[in-house]
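This report concerns only the one structure given below.
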Amino acid sequence: MDFSLSESDRAFRESVRGFAARHLAAGALERAHDPRFPWDVARHMALAGLFGVMLPEADGGAGGSLFLAVLAMQEIALACPRSADVFQAGNFGAFRTLAEYATPAQKERFFAPLLKGEKIAAVAMTEPDAGSAVTDLKTTATPDGTGYRLNGSKIFTTNTEDASVFLVYCRFGPGTAGIGSVLVEPGMQGFRLGNPSRYLNGERWCALYFDNVFIPAGLVLLKEGGFQKQIAGFNVERVGNATRALALGEYCFRAAKAHAGTRRQFGRPLMEFQGLQWKFAEMRVALDAAELLLYRAAVRAADGLPDPQDVAMAKFACNQAGWLAANESMQVMGGTGYSQELLVEYCLRKIRGWMIAGGSLEMMKNRIAEGIFGRSFPQRPPDRPR
């Protein structure tokens with residue numbers, strides 16, 4: 001098996017690395033601590049053709065692979081961790097699901113501003129009583145004339161205050177088979193945002209409230225029976241989650257390595273202490289092993305949509321490896337790593353969130369076990385005998 005990149009893959013990676021060095025590295029610390037969405041980065045990426053990397057050329061994208069998007073994400077994150085979120089918004093998540101399932105009219109309406117870096121899309125999935133158990137969602141779309149009326153609420157939606165379109169998971173009928181999704185835009189009557197809340201990583205989110213919002217037929221993305229398609233698209237989101245966690249762990253590892261090579265204690269460089277050498281050895285093994293699982297998931301993606309088992313393993317490994325590297329790097333760097341003068345503490349806070357978002361580590365292990373045994377293991381208790 002050949003683990004080396006092709007010539008074209010290397011050239012693409014080098015071009016993204018050069019872009020990140022020129023446009024992103026200098027302002028990395030400031031962006032990390034600014035709660036506003038970095039629209040300047042979005043415009044730079046759009047001009048460089050880094051939005052819609054996986055989008056077919058016929059739809060205005062680059063026609064590239066999931067693997068190329070992963071390579072680009074890594075290079076961007078290593079230069080500016082916050083900018084990796086911008087790349088995510090312009091390639092993964094709601095963007096990728098729209099690319100896969102939107103009608104020609106929907107693509108014409110939404111993709112032009114998304115590709116120009118003028119607007120972003122967001123996935124509205126989680127509800128107060130439907131987190132990991134996403135199929136318990138209660139937001140409903142009921143028929144009304146030529147469209148539907150949407151009622152319900154969502155929480156923990158990324159980029160709430162900046163999104164121009166929300167891909168909302170909703171229920172058209174009972175059971176998992178009744179779940180689909182609609183597209184909602186700010187300003188639609190009956191749609192409002194709640195008060196802002198803040199995550200540990202500094203990002204803000206608002207609850208979404210839908211009070212009898214009229215959804216024209218043209219804004220229905222997937223009707224009944226669309227849940228599995230949506231999750232297939234969401235697996236690409238998980239690849240973006242895994243890639244950022246791994247890349248930010250690598251960022252911390254490199255910072256700690258530089259620190260250990262120059263910082264002296266007891267008259268010796270830190271790197272000469274065996275206790276710290278073992279930390280670096282463990283971090284390197286974990287990061288490299290996780291990267292192989294991530295690359296496998298991306299390379300084996302069929303038609304751009306990766307295998308759920310591959311994704312679950314990659315996300316679990318990358319989240320764990322990223323957290324190990326960030327946490328141990330902070331320990332190596334002591335007060336310097338804990339300080340907000342550097343980005344190690346920011347990376348640690350970001351990675352911790354990804355261990356929950358996009359499918360918790362526990363849910364990933366459940367999915368992996370299902371693949372091992374070739375059967376599902378429902379988490380709900382069995383029905384009581386009547």
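Order determines the names: the first chain of the structure tokens is A, the second B, and so forth; residues in each chain are numbered 1 upward, and ligands are numbered 1 upward as they are shown.
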Filtered DSSP result for stretch 27-181 of chain A, state strand (DSSP E), as a list in words: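 So the strand (DSSP E) residues in stretch 27-181 of chain A would be Ala121, Ala122, Val123, Ala124, Thr140, Ala141, Thr142, Pro143, Asp144, Gly147, Tyr148, Arg149, Leu150, Asn151, Gly152, Ser153, Lys154, Val165, Phe166, Leu167, Val168, Tyr169, Cys170, Arg171, Ile179, Gly180 and Ser181 of chain A.
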Non-local contacts of A:Leu324 (10 Å; only C-alpha atoms; under 5 positions in same chain excluded) as a ChimeraX atom specification: /A:249,252-253,279,282-283,286-287,318-319,329-330,348,351
Could the residues in this selection be saved with C-alpha atoms as a JSON list (two decimals), in the first residue's frame?
[["chain", "number", "residue", "atom", "x", "y", "z"],
["A", 249, "GLY", "CA", -3.71, 18.81, 18.10],
["A", 252, "CYS", "CA", -0.25, 22.27, 19.79],
["A", 253, "PHE", "CA", 2.30, 19.49, 19.33],
["A", 279, "LYS", "CA", 4.80, 12.61, 26.27],
["A", 282, "GLU", "CA", 2.77, 9.20, 22.84],
["A", 283, "MET", "CA", 1.42, 12.31, 21.11],
["A", 286, "ALA", "CA", -1.63, 9.01, 18.49],
["A", 287, "LEU", "CA", -1.64, 11.82, 15.92],
["A", 318, "CYS", "CA", -8.94, 12.22, 15.84],
["A", 319, "ASN", "CA", -10.92, 13.69, 18.72],
["A", 329, "SER", "CA", 1.29, 20.18, 25.09],
["A", 330, "MET", "CA", -0.22, 22.57, 27.62],
["A", 348, "LEU", "CA", -7.73, 22.70, 23.74],
["A", 351, "ILE", "CA", -11.13, 20.26, 20.55]]
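Residues within 12 Å of A:Phe373, counting only C-alpha atoms and excluding same-chain residues fewer than 6 positions away, are Gln309, Asn366 and Arg367 of chain A.
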Selection: 12 Å around A:Trp39, only C-alpha atoms, excl. self and same-chain fewer than 6 positions, as number ranges by chain: A: 31, 45-46, 82-83, 85-87, 89-90, 114, 116-120, 162-163
Contact residues around A:Ile215 with only C-alpha atoms at 10 Å, ignoring same-chain residues under 3 positions, as a ChimeraX atom specification: /A:141-144,146-150,182-185,188,212,218-220
Quick one: write out the picked residues with C-alpha atoms as a JSON list (two decimals), in the first residue's frame?
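Output file result23.json is given in full below:
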[["chain", "number", "residue", "atom", "x", "y", "z"],
["A", 141, "ALA", "CA", -43.70, 20.54, 9.19],
["A", 142, "THR", "CA", -47.42, 20.20, 8.54],
["A", 143, "PRO", "CA", -49.06, 20.68, 5.12],
["A", 144, "ASP", "CA", -50.63, 24.06, 4.42],
["A", 146, "THR", "CA", -48.79, 24.81, -1.44],
["A", 147, "GLY", "CA", -46.29, 24.49, 1.41],
["A", 148, "TYR", "CA", -45.84, 23.63, 5.07],
["A", 149, "ARG", "CA", -46.02, 25.25, 8.49],
["A", 150, "LEU", "CA", -42.91, 24.77, 10.61],
["A", 182, "VAL", "CA", -36.42, 22.31, 5.09],
["A", 183, "LEU", "CA", -34.50, 25.51, 4.38],
["A", 184, "VAL", "CA", -35.25, 28.56, 6.52],
["A", 185, "GLU", "CA", -33.94, 32.09, 5.98],
["A", 188, "MET", "CA", -39.21, 34.70, 7.47],
["A", 212, "ASN", "CA", -45.95, 28.64, 12.31],
["A", 218, "GLY", "CA", -39.40, 25.17, -3.09],
["A", 219, "LEU", "CA", -37.64, 25.33, 0.29],
["A", 220, "VAL", "CA", -38.20, 21.70, 1.19]]
Point-to-point distance in Å for atom CA of A:Leu222 and atom CA of A:Ala58: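 Between these atoms lies a distance of 21.6 Å.
Here the question is which of A:Leu200, A:Ala357, A:Leu246, A:Ala26 gets nearest to A:Thr158 using only C-alpha atoms, and that residue is A:Ala357.
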Using only C-alpha atoms: which of A:Met125, A:Ala20, A:Ala369, A:Leu66 has the shortest distance to A:Ala297: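 Residue with the minimum atom-to-atom distance to A:Ala297: A:Leu66.
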Contacts of stretch 130-139 of chain A within 8 Å, only C-alpha atoms, excl. fewer than 4 positions in-chain, as an MDAnalysis selection string: chainID A and resid 125:126 150:153 169:171 175:176 179 359:360 363
Produce a file of the selected residues containing C-alpha atoms, as a compact mmCIF listing (two decimals), in the first residue's frame.
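What ended up in selection34.txt:
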# COMPACT_ATOMS: atom_id res chain seq x y z
CA MET A 125 -30.42 19.62 14.18
CA THR A 126 -30.28 19.48 17.97
CA LEU A 150 -42.91 24.77 10.61
CA ASN A 151 -43.19 24.72 14.42
CA GLY A 152 -40.58 23.89 17.03
CA SER A 153 -37.15 24.94 18.23
CA TYR A 169 -34.21 18.83 10.50
CA CYS A 170 -37.96 18.41 10.99
CA ARG A 171 -40.73 15.85 11.15
CA GLY A 175 -41.10 7.72 13.31
CA THR A 176 -37.68 7.94 11.71
CA ILE A 179 -38.02 12.92 9.21
CA GLY A 359 -21.81 12.82 17.50
CA SER A 360 -20.27 12.30 20.93
CA MET A 363 -22.13 7.54 20.08
All alpha helix (DSSP H) residues (DSSP, backbone) inside stretch 124-372 of chain A, as an NGL selection string: :A and (227-262 or 274-299 or 308-333 or 335-338 or 344-354 or 361-372)
9 Å contact set for A:Ala232, only C-alpha atoms, chain neighbours under 3 positions out, as a VMD selection string: chain A and resid 97 227 to 229 235 to 236 305 to 308
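The smallest atom-to-atom distance between A:Gly93 and any of A:Cys80, A:Leu47, A:Leu29, A:Leu167, using only C-alpha atoms, is found for A:Leu167.
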Gap from atom CA of A:Gly322 to atom CA of A:Leu248 - Å, one decimal: 6.5 Å
